[in-house]
Amino acid sequence: MSVRSRFAPSPTGYLHIGGARTALFAWLHARRHGGTFILRIEDTDRERSTEASVNAILEGMTWLGLNYDEGPFYQTQRFERYRDVLDQLLAAGHAYRCYCTPEDLAARREAQLARKEKPRYDGRCRHLDAPPPGEPPFVIRFRNPLDGDVVVDDLIRGRVPFSNTELDDLVLARTDGTPTYNFTVVVDDMDMGVSCVIRGDDHLNNTPRQLNILRALGAPAPQYAHVPMILGPDGARLSKRHGAVSVLQYRDDGILPEALLNYLVRLGWSHGDQEVFSLDELVALFDIEQVNRAAAAVNPEKLLWLNQHYLKTSDPEHVARHLSPFLGRHGVDPALDGPPLHEVVLALRERSKTLLEMADKALPFYREFDHYDPAAAAKHLTAEVIEPLLTLHTRFEQLEDWQAPQLHALVEEVAAQHGRKFGQLAQPLRVALCGNAVSPAIDVTLQLIGRGRVLGRLERAVQWLKNRDDA
């Protein structure tokens, strides 16, 4: 049978990394088996579902590269289909109309709790032959079997049995006719031919109810794999207090998509001691049955390590495409003025953990800075460097080949001319050019900044020194 997996988020907020990991596992399962990956938007919660959340989910999926083969399908566009299946269940006696009011249900619930019983619907309307007088509003409930067991053969957790005596008659449709989650998901998985449902383990208790509905409809049951939750570093449920939890927040913090994918797949799955995986390797190696049953905890330092790895080893052109928007935040368009962005990536990738950090370090190559770092200026911009800087200005004007090797040789020569070691001139030059004492190798820095900006900044530094000394 062809493998068909799905990711079915509810658009009530951003794409959480827990949801993204579930999507990744479902995507990998489909890709490994040459199957189909489906995206379904479960938007029946009309009060909480928003278009902004839908867009955030789609944007997050696109950024991660989790391309879907079918969809996105929207549950709100399938209400007619749900009504048809409801009619089918009612006609077959697998569902019934329940006229109990919310007040009645609340009172019975309190009484059950007082008797220390598990609160559940008591089946009051299960055997009604006719509606009460006046035909009051009703919900439609599923007529759950009263005995026997439902066994979930979970690909991750193994065999999980449930007694039907523990399952009450769940609501399939509300009084306004809108279908509920446990009903729509069954109809969707049946109609879409989903062969494997991969989802969070918070849905495990829903699974026996859904299996009973599938049996009532005479539909085959998919395989199930319930993925453990993701915890914070402190072992508590992951939340905003632990840092970024939205996929798009990780993007905005300067994480590469492949780094986040690599990080997410290792939260609960492993292949020996291997830490870094290409996408092709993941497709070849991933096995949903090897996902750990225990919850996994996030490790922000591991993510930064992976991100730096990908910054250092990925195609510089690829990194440059992701870096460009971060420079845009600073009002810089690298395509208009300055060095080719992939060359900047090559210069900065060994010393940057995020694209955010790389963009900050790249700014001196594209625009002027406002001030010198006080500590760096106090240490390196002294009266003794005025003459060497002036000599460099003259020699830079005359240099025919503005390339790193020639620039290195020139700085070395001027340093010797003024009785200085190379570093004793390179550091003041770096502060003059960048405003601080941190940049790539001075010859690379010179090449990337370019002759025009170098000459202008040397003039500015010399004038700044003279003004300070005159003050």
# chains A, B, ... in the order shown; residues from 1 in each chain; ligands from 1
>>> residues_around(residues="Gln447 of chain A", least_positions_apart="4", cutoff="8 Å", atoms="only C-alpha atoms", output="short mmCIF file (atom, residue, chain, number, x, y, z; two decimals) with N, CA and C atoms, in the first residue's frame")
data_model
loop_
_atom_site.label_atom_id
_atom_site.label_comp_id
_atom_site.auth_asym_id
_atom_site.auth_seq_id
_atom_site.Cartn_x
_atom_site.Cartn_y
_atom_site.Cartn_z
N TRP A 402 43.95 45.75 -6.11
CA TRP A 402 43.32 45.80 -4.78
C TRP A 402 42.84 44.39 -4.40
N GLN A 403 43.81 43.53 -4.09
CA GLN A 403 43.51 42.16 -3.69
C GLN A 403 44.22 41.86 -2.37
N ALA A 404 43.68 40.89 -1.63
CA ALA A 404 44.17 40.61 -0.28
C ALA A 404 45.68 40.37 -0.20
N LEU A 407 47.45 43.66 -0.58
CA LEU A 407 47.13 44.53 0.56
C LEU A 407 47.90 44.09 1.80
N ASP A 443 43.78 42.09 5.66
CA ASP A 443 43.85 42.17 4.20
C ASP A 443 42.48 41.87 3.57
N ARG A 451 38.59 50.37 -1.98
CA ARG A 451 39.54 51.47 -1.94
C ARG A 451 38.89 52.79 -1.52
#
>>> residues_around(residues="segment 145-158 of chain A", least_positions_apart="5", cutoff="7 Å", atoms="only C-alpha atoms", output="list in words")
Ser163, Asn164, Thr165, Pro208, Tyr224, Ala225, His226, Glu289, Val291 and Arg293 of chain A
>>> write_last_selection(atoms="N, CA and C atoms", output="PDB file, in the first residue's frame")
ATOM      1  N   SER A 163     -10.190   0.306  27.217  1.00  0.00           N
ATOM      2  CA  SER A 163     -11.468  -0.348  27.419  1.00  0.00           C
ATOM      3  C   SER A 163     -12.595   0.570  26.952  1.00  0.00           C
ATOM      4  N   ASN A 164     -13.528   0.019  26.209  1.00  0.00           N
ATOM      5  CA  ASN A 164     -14.659   0.827  25.746  1.00  0.00           C
ATOM      6  C   ASN A 164     -15.498   1.360  26.895  1.00  0.00           C
ATOM      7  N   THR A 165     -15.437   0.698  28.041  1.00  0.00           N
ATOM      8  CA  THR A 165     -16.186   1.194  29.192  1.00  0.00           C
ATOM      9  C   THR A 165     -15.645   2.523  29.692  1.00  0.00           C
ATOM     10  N   PRO A 208      -8.462   5.844  20.357  1.00  0.00           N
ATOM     11  CA  PRO A 208      -9.471   4.773  20.411  1.00  0.00           C
ATOM     12  C   PRO A 208     -10.852   5.247  19.972  1.00  0.00           C
ATOM     13  N   TYR A 224      -0.678   4.392  13.505  1.00  0.00           N
ATOM     14  CA  TYR A 224      -0.523   5.580  14.336  1.00  0.00           C
ATOM     15  C   TYR A 224       0.872   5.607  14.950  1.00  0.00           C
ATOM     16  N   ALA A 225       1.399   6.809  15.063  1.00  0.00           N
ATOM     17  CA  ALA A 225       2.684   7.028  15.734  1.00  0.00           C
ATOM     18  C   ALA A 225       2.562   8.314  16.526  1.00  0.00           C
ATOM     19  N   HIS A 226       2.548   8.198  17.843  1.00  0.00           N
ATOM     20  CA  HIS A 226       2.366   9.358  18.707  1.00  0.00           C
ATOM     21  C   HIS A 226       3.713   9.808  19.263  1.00  0.00           C
ATOM     22  N   GLU A 289       9.712   4.289  13.666  1.00  0.00           N
ATOM     23  CA  GLU A 289       9.690   3.337  14.773  1.00  0.00           C
ATOM     24  C   GLU A 289      10.903   3.476  15.682  1.00  0.00           C
ATOM     25  N   VAL A 291      11.887   6.439  16.830  1.00  0.00           N
ATOM     26  CA  VAL A 291      11.706   7.630  17.659  1.00  0.00           C
ATOM     27  C   VAL A 291      11.567   7.202  19.116  1.00  0.00           C
ATOM     28  N   ARG A 293      10.519   6.966  22.969  1.00  0.00           N
ATOM     29  CA  ARG A 293       9.243   7.147  23.672  1.00  0.00           C
ATOM     30  C   ARG A 293       9.302   8.296  24.680  1.00  0.00           C
TER      31      ARG A 293
END
>>> residues_around(residues="Leu172 of chain A", least_positions_apart="3", cutoff="8 Å", atoms="only C-alpha atoms", output="list in words")
Leu86, Val139, Ile140, Arg141, Phe142, Pro179, Thr180, Asn182 and Phe183 of chain A
>>> write_last_selection(atoms="N, CA and C atoms", output="PDB file, in the first residue's frame")
ATOM      1  N   LEU A  86     -22.342  12.319   8.727  1.00  0.00           N
ATOM      2  CA  LEU A  86     -23.193  12.326   9.922  1.00  0.00           C
ATOM      3  C   LEU A  86     -24.530  11.646   9.632  1.00  0.00           C
ATOM      4  N   VAL A 139     -27.220  18.045  20.120  1.00  0.00           N
ATOM      5  CA  VAL A 139     -25.928  17.717  19.523  1.00  0.00           C
ATOM      6  C   VAL A 139     -26.050  16.301  18.978  1.00  0.00           C
ATOM      7  N   ILE A 140     -25.120  15.913  18.140  1.00  0.00           N
ATOM      8  CA  ILE A 140     -25.088  14.535  17.644  1.00  0.00           C
ATOM      9  C   ILE A 140     -23.919  13.827  18.303  1.00  0.00           C
ATOM     10  N   ARG A 141     -24.219  12.702  18.938  1.00  0.00           N
ATOM     11  CA  ARG A 141     -23.187  11.923  19.624  1.00  0.00           C
ATOM     12  C   ARG A 141     -22.946  10.589  18.906  1.00  0.00           C
ATOM     13  N   PHE A 142     -21.740  10.091  19.065  1.00  0.00           N
ATOM     14  CA  PHE A 142     -21.379   8.775  18.529  1.00  0.00           C
ATOM     15  C   PHE A 142     -21.810   7.702  19.525  1.00  0.00           C
ATOM     16  N   PRO A 179     -19.041  20.432  12.956  1.00  0.00           N
ATOM     17  CA  PRO A 179     -18.467  19.156  13.398  1.00  0.00           C
ATOM     18  C   PRO A 179     -17.316  19.373  14.383  1.00  0.00           C
ATOM     19  N   THR A 180     -17.052  18.363  15.181  1.00  0.00           N
ATOM     20  CA  THR A 180     -15.974  18.439  16.174  1.00  0.00           C
ATOM     21  C   THR A 180     -14.695  17.806  15.633  1.00  0.00           C
ATOM     22  N   ASN A 182     -12.683  15.309  16.680  1.00  0.00           N
ATOM     23  CA  ASN A 182     -12.534  13.860  16.596  1.00  0.00           C
ATOM     24  C   ASN A 182     -13.336  13.253  15.452  1.00  0.00           C
ATOM     25  N   PHE A 183     -14.360  13.957  14.993  1.00  0.00           N
ATOM     26  CA  PHE A 183     -15.140  13.481  13.851  1.00  0.00           C
ATOM     27  C   PHE A 183     -14.494  13.897  12.538  1.00  0.00           C
TER      28      PHE A 183
END
>>> atom_distance(atom1="atom CA of Val414 of chain A", atom2="atom CA of Ile442 of chain A")
13.7 Å
>>> closest_atom_pairs(of="segment 59-99 of chain A", to="segment 276-284 of chain A", cutoff="12 Å", atoms="only C-alpha atoms", output="Markdown table")
| residue | atom | partner | partner_atom | distance |
| --- | --- | --- | --- | --- |
| A:Leu64 | CA | A:Leu279 | CA | 11.2 |
| A:Gly65 | CA | A:Leu279 | CA | 10.1 |
| A:Leu66 | CA | A:Leu279 | CA | 10.8 |
>>> closest_atom_pairs(of="segment 204-264 of chain A", to="segment 309-316 of chain A", cutoff="10 Å", atoms="only C-alpha atoms", output="CSV")
residue,atom,partner,partner_atom,distance
A:Ile255,CA,A:Leu311,CA,9.3
A:Leu256,CA,A:Tyr310,CA,7.5
A:Pro257,CA,A:Tyr310,CA,9.6
A:Glu258,CA,A:Tyr310,CA,7.6
A:Ala259,CA,A:Tyr310,CA,6.4
>>> write_last_selection(atoms="N, CA and C atoms", output="PDB file, in the first residue's frame")
ATOM      1  N   ILE A 255      18.672  31.763  12.428  1.00  0.00           N
ATOM      2  CA  ILE A 255      18.954  30.338  12.284  1.00  0.00           C
ATOM      3  C   ILE A 255      18.655  29.911  10.845  1.00  0.00           C
ATOM      4  N   LEU A 256      19.535  29.120  10.263  1.00  0.00           N
ATOM      5  CA  LEU A 256      19.307  28.582   8.919  1.00  0.00           C
ATOM      6  C   LEU A 256      18.276  27.460   8.993  1.00  0.00           C
ATOM      7  N   PRO A 257      17.426  27.305   7.975  1.00  0.00           N
ATOM      8  CA  PRO A 257      16.396  26.259   8.034  1.00  0.00           C
ATOM      9  C   PRO A 257      16.970  24.864   8.169  1.00  0.00           C
ATOM     10  N   GLU A 258      18.083  24.578   7.473  1.00  0.00           N
ATOM     11  CA  GLU A 258      18.648  23.242   7.559  1.00  0.00           C
ATOM     12  C   GLU A 258      19.205  22.947   8.950  1.00  0.00           C
ATOM     13  N   ALA A 259      19.668  23.996   9.647  1.00  0.00           N
ATOM     14  CA  ALA A 259      20.144  23.804  11.018  1.00  0.00           C
ATOM     15  C   ALA A 259      18.983  23.459  11.939  1.00  0.00           C
TER      16      ALA A 259
END
>>> atom_distance(atom1="atom CA of Arg329 of chain A", atom2="atom CA of Glu51 of chain A")
25.4 Å
>>> closest_residue(among="A:Ala91, A:Met192, A:Leu267, A:Leu381", to="Asn436 of chain A", atoms="only C-alpha atoms")
A:Leu381
>>> atom_distance(atom1="atom CA of Arg209 of chain A", atom2="atom CA of Ala106 of chain A")
22.2 Å
>>> residues_around(residues="Leu105 of chain A", least_positions_apart="5", cutoff="10 Å", atoms="only C-alpha atoms", output="list in words")
Cys100, Glu110, Ala111, Pro119, Arg120, Tyr121 and Asp122 of chain A
>>> write_last_selection(atoms="N, CA and C atoms", output="short mmCIF file (atom, residue, chain, number, x, y, z; two decimals), in the first residue's frame")
data_model
loop_
_atom_site.label_atom_id
_atom_site.label_comp_id
_atom_site.auth_asym_id
_atom_site.auth_seq_id
_atom_site.Cartn_x
_atom_site.Cartn_y
_atom_site.Cartn_z
N CYS A 100 -29.63 16.85 25.87
CA CYS A 100 -29.24 17.31 27.21
C CYS A 100 -28.70 18.73 27.12
N GLU A 110 -20.99 17.36 38.23
CA GLU A 110 -20.71 17.66 39.63
C GLU A 110 -21.10 16.49 40.52
N ALA A 111 -22.23 15.87 40.22
CA ALA A 111 -22.67 14.73 41.01
C ALA A 111 -21.70 13.56 40.87
N PRO A 119 -15.87 11.71 35.53
CA PRO A 119 -16.95 12.43 34.85
C PRO A 119 -17.04 12.03 33.38
N ARG A 120 -18.26 11.72 32.93
CA ARG A 120 -18.47 11.28 31.56
C ARG A 120 -19.96 11.38 31.24
N TYR A 121 -20.28 11.40 29.97
CA TYR A 121 -21.69 11.44 29.58
C TYR A 121 -22.34 10.11 29.93
N ASP A 122 -23.53 10.16 30.54
CA ASP A 122 -24.17 8.95 31.06
C ASP A 122 -25.08 8.25 30.07
#
>>> residues_around(residues="Pro228 of chain A", least_positions_apart="3", cutoff="8 Å", atoms="only C-alpha atoms", output="PyMOL selection string")
chain A and resi 200-201+268+292-296
>>> select_by_dssp(residues="segment 122-229 of chain A", states="alpha helix (DSSP H)", output="list in words")
Tyr181, Asn182, Phe183, Thr184, Val185, Val186, Val187, Asp188, Asp189, Met190, Asp191, Thr207, Pro208, Arg209, Gln210, Leu211, Asn212, Ile213, Leu214, Arg215 and Ala216 of chain A
>>> residues_around(residues="Met358 of chain A", least_positions_apart="2", cutoff="12 Å", atoms="only C-alpha atoms", output="ChimeraX atom specification")
/A:253-255,307-308,311-312,319-320,322-327,341-342,344-356,360-365,439-440
>>> residues_around(residues="Ala221 of chain A", least_positions_apart="6", cutoff="10 Å", atoms="only C-alpha atoms", output="MDAnalysis selection string")
chainID A and resid 186 189:190 193:197 210:215
>>> closest_residue(among="A:Ile198, A:Cys125, A:Ala359, A:Ile230", to="Leu264 of chain A", atoms="only C-alpha atoms")
A:Ile230
